[in-house]
Amino acid sequence: MLLSSRLKRWLSLVPGKQLFGPYRFLPCFFVFGGVMEWIMINVRIGHETFYDVYRRKRSERQYQLKLEELCTCENHSK
C-alpha cells in the first residue's frame with residue numbers, strides 16, 4: 001500500500017488532470033519515444049548503431065533469399 005500511495009501522490013503532481021485526464025501523460029511518452037529514437041540512431045555501441053545492425057541484417061536476409069531463389073531455379077532447370 002505504501003508504494004501505491006506514493007505512486008498516486010507522484011501522479012497527482014502532473015498538471016492537467018481536470019482538463020486532459022489520463023491523456024496528460026502523452027507528451028511525456030512522446031518525448032520518451034523521441035529520445036529512444038535519437039539514441040538508436042546516434043549512440044554507437046562498439047562500432048555500430050541499432051540501425052547499422054538493422055540494415056546489415058536486412059541485406060543479409062535479402063542476399064540469402066536471392067541465393068535460395070537461384071538454387072531453386074537451378075534445380076528446376078535440370
# chains A, B, ... in the order shown; residues from 1 in each chain; ligands from 1

call {"tool": "residues_around", "arguments": {"residues": "range 6-16 of chain A", "least_positions_apart": "4", "cutoff": "12 Å", "atoms": "only C-alpha atoms", "output": "PDB file with all heavy atoms, in the first residue's frame"}}
result
ATOM      1  N   MET A   1       0.820  -1.197   0.000  1.00  0.00           N
ATOM      2  CA  MET A   1       0.000   0.000   0.000  1.00  0.00           C
ATOM      3  C   MET A   1       0.865   1.262   0.000  1.00  0.00           C
ATOM      4  O   MET A   1       0.481   2.256  -0.560  1.00  0.00           O
ATOM      5  CB  MET A   1      -0.937   0.017   1.209  1.00  0.00           C
ATOM      6  CG  MET A   1      -2.039  -0.976   1.143  1.00  0.00           C
ATOM      7  SD  MET A   1      -3.099  -0.551  -0.216  1.00  0.00           S
ATOM      8  CE  MET A   1      -4.302  -1.782  -0.077  1.00  0.00           C
ATOM      9  N   LEU A   2       2.013   1.186   0.636  1.00  0.00           N
ATOM     10  CA  LEU A   2       2.883   2.350   0.713  1.00  0.00           C
ATOM     11  C   LEU A   2       3.342   2.766  -0.682  1.00  0.00           C
ATOM     12  O   LEU A   2       3.324   3.951  -1.009  1.00  0.00           O
ATOM     13  CB  LEU A   2       4.088   2.048   1.610  1.00  0.00           C
ATOM     14  CG  LEU A   2       5.079   3.190   1.809  1.00  0.00           C
ATOM     15  CD1 LEU A   2       4.390   4.356   2.502  1.00  0.00           C
ATOM     16  CD2 LEU A   2       6.266   2.720   2.616  1.00  0.00           C
ATOM     17  N   PHE A  20      -7.258  17.250 -19.125  1.00  0.00           N
ATOM     18  CA  PHE A  20      -6.880  16.169 -20.032  1.00  0.00           C
ATOM     19  C   PHE A  20      -7.101  14.774 -19.476  1.00  0.00           C
ATOM     20  O   PHE A  20      -7.080  13.800 -20.226  1.00  0.00           O
ATOM     21  CB  PHE A  20      -5.405  16.312 -20.410  1.00  0.00           C
ATOM     22  CG  PHE A  20      -5.101  17.588 -21.124  1.00  0.00           C
ATOM     23  CD1 PHE A  20      -4.280  18.532 -20.539  1.00  0.00           C
ATOM     24  CD2 PHE A  20      -5.642  17.861 -22.360  1.00  0.00           C
ATOM     25  CE1 PHE A  20      -3.995  19.714 -21.172  1.00  0.00           C
ATOM     26  CE2 PHE A  20      -5.360  19.030 -23.012  1.00  0.00           C
ATOM     27  CZ  PHE A  20      -4.536  19.971 -22.423  1.00  0.00           C
ATOM     28  N   GLY A  21      -7.266  14.631 -18.176  1.00  0.00           N
ATOM     29  CA  GLY A  21      -7.452  13.316 -17.572  1.00  0.00           C
ATOM     30  C   GLY A  21      -6.205  12.459 -17.748  1.00  0.00           C
ATOM     31  O   GLY A  21      -5.087  12.940 -17.578  1.00  0.00           O
ATOM     32  N   PRO A  22      -6.386  11.189 -18.123  1.00  0.00           N
ATOM     33  CA  PRO A  22      -5.208  10.319 -18.259  1.00  0.00           C
ATOM     34  C   PRO A  22      -4.332  10.677 -19.459  1.00  0.00           C
ATOM     35  O   PRO A  22      -3.187  10.254 -19.532  1.00  0.00           O
ATOM     36  CB  PRO A  22      -5.814   8.920 -18.435  1.00  0.00           C
ATOM     37  CG  PRO A  22      -7.187   9.159 -18.932  1.00  0.00           C
ATOM     38  CD  PRO A  22      -7.631  10.466 -18.344  1.00  0.00           C
ATOM     39  N   TYR A  23      -4.847  11.478 -20.392  1.00  0.00           N
ATOM     40  CA  TYR A  23      -4.075  11.840 -21.581  1.00  0.00           C
ATOM     41  C   TYR A  23      -3.010  12.892 -21.290  1.00  0.00           C
ATOM     42  O   TYR A  23      -2.223  13.236 -22.156  1.00  0.00           O
ATOM     43  CB  TYR A  23      -5.001  12.337 -22.689  1.00  0.00           C
ATOM     44  CG  TYR A  23      -5.984  11.278 -23.113  1.00  0.00           C
ATOM     45  CD1 TYR A  23      -7.321  11.381 -22.772  1.00  0.00           C
ATOM     46  CD2 TYR A  23      -5.569  10.168 -23.828  1.00  0.00           C
ATOM     47  CE1 TYR A  23      -8.225  10.398 -23.141  1.00  0.00           C
ATOM     48  CE2 TYR A  23      -6.453   9.176 -24.203  1.00  0.00           C
ATOM     49  CZ  TYR A  23      -7.781   9.302 -23.859  1.00  0.00           C
ATOM     50  OH  TYR A  23      -8.656   8.331 -24.217  1.00  0.00           O
ATOM     51  N   ARG A  24      -2.960  13.366 -20.075  1.00  0.00           N
ATOM     52  CA  ARG A  24      -1.957  14.379 -19.724  1.00  0.00           C
ATOM     53  C   ARG A  24      -0.544  13.801 -19.737  1.00  0.00           C
ATOM     54  O   ARG A  24       0.428  14.537 -19.773  1.00  0.00           O
ATOM     55  CB  ARG A  24      -2.272  14.989 -18.367  1.00  0.00           C
ATOM     56  CG  ARG A  24      -2.096  14.072 -17.196  1.00  0.00           C
ATOM     57  CD  ARG A  24      -2.559  14.745 -15.908  1.00  0.00           C
ATOM     58  NE  ARG A  24      -2.272  13.980 -14.721  1.00  0.00           N
ATOM     59  CZ  ARG A  24      -3.108  13.136 -14.150  1.00  0.00           C
ATOM     60  NH1 ARG A  24      -4.296  12.959 -14.664  1.00  0.00           N
ATOM     61  NH2 ARG A  24      -2.754  12.482 -13.066  1.00  0.00           N
ATOM     62  N   PHE A  25      -0.418  12.484 -19.776  1.00  0.00           N
ATOM     63  CA  PHE A  25       0.898  11.849 -19.806  1.00  0.00           C
ATOM     64  C   PHE A  25       1.430  11.657 -21.219  1.00  0.00           C
ATOM     65  O   PHE A  25       2.598  11.302 -21.388  1.00  0.00           O
ATOM     66  CB  PHE A  25       0.848  10.499 -19.092  1.00  0.00           C
ATOM     67  CG  PHE A  25       0.427  10.607 -17.653  1.00  0.00           C
ATOM     68  CD1 PHE A  25      -0.837  10.219 -17.257  1.00  0.00           C
ATOM     69  CD2 PHE A  25       1.299  11.118 -16.713  1.00  0.00           C
ATOM     70  CE1 PHE A  25      -1.218  10.320 -15.938  1.00  0.00           C
ATOM     71  CE2 PHE A  25       0.924  11.235 -15.388  1.00  0.00           C
ATOM     72  CZ  PHE A  25      -0.343  10.838 -15.008  1.00  0.00           C
ATOM     73  N   LEU A  26       0.603  11.867 -22.233  1.00  0.00           N
ATOM     74  CA  LEU A  26       1.036  11.642 -23.611  1.00  0.00           C
ATOM     75  C   LEU A  26       2.277  12.434 -24.005  1.00  0.00           C
ATOM     76  O   LEU A  26       3.158  11.876 -24.661  1.00  0.00           O
ATOM     77  CB  LEU A  26      -0.111  11.926 -24.591  1.00  0.00           C
ATOM     78  CG  LEU A  26      -1.146  10.829 -24.715  1.00  0.00           C
ATOM     79  CD1 LEU A  26      -2.242  11.246 -25.683  1.00  0.00           C
ATOM     80  CD2 LEU A  26      -0.522   9.537 -25.155  1.00  0.00           C
ATOM     81  N   PRO A  27       2.411  13.712 -23.653  1.00  0.00           N
ATOM     82  CA  PRO A  27       3.645  14.418 -24.023  1.00  0.00           C
ATOM     83  C   PRO A  27       4.899  13.769 -23.432  1.00  0.00           C
ATOM     84  O   PRO A  27       5.938  13.736 -24.090  1.00  0.00           O
ATOM     85  CB  PRO A  27       3.442  15.824 -23.466  1.00  0.00           C
ATOM     86  CG  PRO A  27       1.971  15.987 -23.378  1.00  0.00           C
ATOM     87  CD  PRO A  27       1.436  14.626 -23.069  1.00  0.00           C
ATOM     88  N   CYS A  28       4.791  13.226 -22.244  1.00  0.00           N
ATOM     89  CA  CYS A  28       5.945  12.546 -21.636  1.00  0.00           C
ATOM     90  C   CYS A  28       6.344  11.336 -22.462  1.00  0.00           C
ATOM     91  O   CYS A  28       7.533  11.125 -22.741  1.00  0.00           O
ATOM     92  CB  CYS A  28       5.623  12.100 -20.215  1.00  0.00           C
ATOM     93  SG  CYS A  28       5.215  13.452 -19.111  1.00  0.00           S
TER      94      CYS A  28
END

call {"tool": "select_by_dssp", "arguments": {"residues": "chain A", "states": "helix (DSSP H, G or I)", "output": "count of residues only"}}
result
65

call {"tool": "atom_distance", "arguments": {"atom1": "CA of Phe32 in chain A", "atom2": "CA of Phe50 in chain A"}}
result
17.1 Å

call {"tool": "decode", "arguments": {"residues": "range 7-78 of chain A", "atoms": "C-alpha atoms", "output": "CSV table (one decimal), in the first residue's frame"}}
result
chain,number,residue,atom,x,y,z
A,7,LEU,CA,2.7,6.5,-6.8
A,8,LYS,CA,-0.7,8.1,-6.6
A,9,ARG,CA,0.9,11.1,-5.0
A,10,TRP,CA,3.5,11.5,-7.7
A,11,LEU,CA,1.0,11.0,-10.5
A,12,SER,CA,-1.3,13.7,-9.0
A,13,LEU,CA,1.6,16.2,-9.2
A,14,VAL,CA,1.4,16.1,-13.0
A,15,PRO,CA,-0.7,19.1,-14.1
A,16,GLY,CA,-3.7,18.9,-16.4
A,17,LYS,CA,-5.8,16.3,-14.5
A,18,GLN,CA,-9.1,18.2,-14.8
A,19,LEU,CA,-8.6,19.2,-18.5
A,20,PHE,CA,-6.9,16.2,-20.0
A,21,GLY,CA,-7.5,13.3,-17.6
A,22,PRO,CA,-5.2,10.3,-18.3
A,23,TYR,CA,-4.1,11.8,-21.6
A,24,ARG,CA,-2.0,14.4,-19.7
A,25,PHE,CA,0.9,11.8,-19.8
A,26,LEU,CA,1.0,11.6,-23.6
A,27,PRO,CA,3.6,14.4,-24.0
A,28,CYS,CA,5.9,12.5,-21.6
A,29,PHE,CA,5.7,9.4,-23.7
A,30,PHE,CA,6.1,11.3,-26.9
A,31,VAL,CA,9.4,12.8,-25.6
A,32,PHE,CA,10.5,9.4,-24.3
A,33,GLY,CA,9.9,7.9,-27.7
A,34,GLY,CA,11.8,10.7,-29.4
A,35,VAL,CA,14.8,10.2,-27.1
A,36,MET,CA,14.8,6.5,-27.7
A,37,GLU,CA,14.8,7.0,-31.5
A,38,TRP,CA,17.6,9.5,-31.2
A,39,ILE,CA,19.6,7.0,-29.1
A,40,MET,CA,19.0,4.2,-31.6
A,41,ILE,CA,20.2,6.5,-34.5
A,42,ASN,CA,23.2,8.3,-32.9
A,43,VAL,CA,24.6,6.3,-30.0
A,44,ARG,CA,27.2,3.8,-31.0
A,45,ILE,CA,27.8,0.6,-29.0
A,46,GLY,CA,31.1,-0.7,-30.2
A,47,HIS,CA,31.3,0.4,-33.8
A,48,GLU,CA,27.6,0.1,-34.7
A,49,THR,CA,24.3,1.8,-34.0
A,50,PHE,CA,21.0,0.0,-33.9
A,51,TYR,CA,20.2,1.0,-37.4
A,52,ASP,CA,23.6,-0.2,-38.7
A,53,VAL,CA,22.8,-3.6,-37.4
A,54,TYR,CA,19.2,-3.5,-38.8
A,55,ARG,CA,20.4,-2.6,-42.3
A,56,ARG,CA,23.1,-5.2,-42.2
A,57,LYS,CA,20.7,-7.9,-41.1
A,58,ARG,CA,18.1,-6.9,-43.7
A,59,SER,CA,20.7,-7.0,-46.5
A,60,GLU,CA,21.9,-10.4,-45.3
A,61,ARG,CA,18.3,-11.7,-45.4
A,62,GLN,CA,17.8,-10.4,-48.9
A,63,TYR,CA,21.1,-12.0,-50.1
A,64,GLN,CA,20.0,-15.3,-48.5
A,65,LEU,CA,16.7,-15.1,-50.3
A,66,LYS,CA,18.4,-14.5,-53.6
A,67,LEU,CA,20.7,-17.4,-53.1
A,68,GLU,CA,17.7,-19.7,-52.3
A,69,GLU,CA,15.9,-18.5,-55.4
A,70,LEU,CA,19.0,-19.1,-57.5
A,71,CYS,CA,19.3,-22.6,-56.1
A,72,THR,CA,15.6,-23.5,-56.7
A,73,CYS,CA,15.8,-22.1,-60.3
A,74,GLU,CA,18.9,-24.2,-61.0
A,75,ASN,CA,17.2,-27.4,-59.6
A,76,HIS,CA,14.1,-26.8,-61.8
A,77,SER,CA,16.1,-26.3,-65.0
A,78,LYS,CA,18.0,-29.6,-64.6
